[in-house]
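Data block below; observations after.
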Amino acid sequence: MSSAAARRNLLCGTALCTSDLSAQPLTRAILRDCNLVTPEYELKWDVIGRHPHEPDYSAADRLMAFAADNGLAFHGHTLWWHEAIPESRRANQSMDFAQAALRHLERTVARYAGRLRSWDVVNEPLEPAHGRQDGLRVSPFLAAFGPDYIETAFRAAAARDPGAILVLNEMGLEYAGPEAERKRRHMIDLLERELARGTPIACLGIQSHLTALEQPRQHPAFRAFLRTIRGMGLSVMITEMDVSDHLCPRDPRQRDRIVADTYRAYLDLVLDESRVLAVGTWGLADFSTWLNAFRPRPDGARQRPLLLDRAFRRKPAWHAVRAAFLGADNGFSAHQARS
Ligand code: XIL
């Protein structure tokens, strides 16, 4: 897989957690298919900061060591996210919070400086439903620093690891409908504002948690958005791709077929329009997907949203992603799935 991605000059990889490191078939598959890993949750502030006075980097260090020992690039996820704030910090949104948030960011970036490729510095900054003119999400970071918090975070990260690719990561930019269109417009305005004031954002992270049978194949509005992003001189990273099958029929072969087509159509579009640095899936094998908790199927069947099945066998999705990297003819047939 990673050799196919290299043809497009991009890295490909998966989210990972320390419990995965003891799953041999999974680590073998990661080393075979990936050249990039992203910590699924163990590099987030709420995990590192769960003991108020003693930051705990032990799990993150193990993931970093696994990557370094195996020549894998490491994508840091994530420094500031409203859903990953330590319990002890959620209550106060005063100066203490601002100092604590900045101290966490500076210490964490300094700790891994020169050893990781890229950082999701700020995650999910936009929430138009919060009603602000600028579309910014109302969060403890906004409350503590004001709308300049994005510039503050990126400048602090750049100062401590000038070599890292700094990414602004967001969800929902890739969806259809008026809400997604509003978010795309806010994102363009936000990026124009930040770049104009010199905020060192190099790349836009597009999470890409897709839904089969909902994600449009032809998506002119998203295509136009990606062109605008490219026109701004920004690269793109697909940071957390998976395809939820909760709207699909129960039959696994049918589901896998629809999920694979969703991956292929989406990747064809993004690779066509953007300077893509990397493609990351939010897990590699179905057994570990967060979607069984976050987006359970109404019929109770387990989700099949990733590239390998529960026995680590390659699914049609694996072939579809590889074919997209190779720009192969989309006449992809079920026959290949069995080969
Ligand atoms: C999720 C993880 O997959 C879960 O294990 C964890 O409990 C919560 O976070 N957007 C993000 C990711 O940016 O960090 C989230 O990951 C999924 C949505």
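Starting from 1 in every chain, residues are counted up; chains themselves are A, B, ... following the order of the structure tokens, and ligands are numbered from 1 as listed.
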
Item to check | Env. residues ligand 1 / 12 Å / only C-alpha atoms and all ligand atoms / as a PyMOL selection string | outcome: chain A and resi 14-19+38-47+76-85+120-125+168-172+205-210+238-242+280-283+288-295

Item to check | In range 67-128 of chain A, DSSP helix (DSSP H, G or I) residues written as number ranges by chain | outcome: A: 67-69, 87-90, 95-111, 128

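Using only C-alpha atoms, the contacts of Ile165 in chain A at a cut-off of 12 Å, with sequence neighbours closer than 5 positions omitted, comprise A:Ala73, A:Phe74, A:His75, A:Gly76, A:Val109, A:Ala113, A:Gly114, A:Arg115, A:Leu116, A:Arg117, A:Ser118, A:Trp119, A:Asp120, A:Val121, A:Phe154, A:Ala157, A:Ala158, A:Pro200, A:Ile201, A:Ala202, A:Cys203, A:Leu204, A:Gly205, A:Leu234, A:Ser235, A:Val236, A:Met237, A:Leu277, A:Ala278.
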
Next on the checklist: Taking only C-alpha atoms into account, name the residue in A:Arg253, A:Arg132, A:Arg160, A:Arg90 that is nearest to Arg111 in chain A.
Outcome noted: A:Arg160

Do you have, as a tab-separated table, the list of residues of range 157-217 of chain A lying at most 10 Å from range 263-273 of chain A, each with its nearest atom pair and that distance in Å to one decimal, counting only C-alpha atoms and ordered by chain then number?
residue	atom	partner	partner_atom	distance
A:Glu174	CA	A:Tyr266	CA	9.1
A:Ser208	CA	A:Tyr266	CA	9.0
A:Leu210	CA	A:Tyr263	CA	8.5
A:Thr211	CA	A:Tyr263	CA	9.9
A:Ala212	CA	A:Tyr263	CA	8.8
A:Gln215	CA	A:Tyr266	CA	8.2
A:Pro216	CA	A:Tyr266	CA	8.4
A:Arg217	CA	A:Ala265	CA	5.6

Next on the checklist: Considering only C-alpha atoms, can you say which of A:Arg223, A:Arg32, A:Arg103, A:Arg89 comes closest to Leu72 in chain A?
Outcome noted: A:Arg32

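Taking the backbone of this structure through DSSP, the residues of range 62-195 of chain A that come out as strand (DSSP E or B) are Ala73, Phe74, His75, Gly76, His77, Thr78, Leu79, Trp80, Trp81, Ser118, Trp119, Asp120, Val121, Val122, Asn123, Leu126, Leu136, Ile165, Leu166, Val167, Leu168, Asn169 and Glu170 of chain A.
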
Considering only C-alpha atoms, give me a table of residues in range 98-190 of chain A that are at most 10 Å from range 54-58 of chain A, with the closest atom pair and distance in Å for each, as CSV.
residue,atom,partner,partner_atom,distance
A:His104,CA,A:Pro55,CA,8.6
A:Arg107,CA,A:Pro55,CA,9.7
A:Thr108,CA,A:Tyr57,CA,8.7
A:Arg111,CA,A:Tyr57,CA,9.3

Residues as selected, N, CA and C atoms, written as a tab-separated table (two decimals), in the first residue's frame, can you do that?
chain	number	residue	atom	x	y	z
A	104	HIS	N	1.19	23.10	28.28
A	104	HIS	CA	1.04	21.75	27.73
A	104	HIS	C	1.52	21.71	26.28
A	107	ARG	N	5.47	22.24	26.07
A	107	ARG	CA	6.22	21.11	26.61
A	107	ARG	C	6.10	19.89	25.68
A	108	THR	N	4.90	19.67	25.14
A	108	THR	CA	4.67	18.49	24.31
A	108	THR	C	5.39	18.61	22.96
A	111	ARG	N	9.06	18.20	23.53
A	111	ARG	CA	9.43	16.81	23.86
A	111	ARG	C	9.70	15.99	22.60

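Counting from CA of Ala143 in chain A, the distance to CA of Ala110 in chain A is 25.2 Å.
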
Checklist entry - Do you have the CA of Leu306 in chain A-CA of Gly177 in chain A distance handy? => result 24.8 Å

Next on the checklist: Please determine, counting only C-alpha atoms, which residue among A:Leu166, A:Ala285, A:Leu326, A:Ala6 has the shortest atom-to-atom distance to Phe312 in chain A.
Outcome noted: A:Ala285
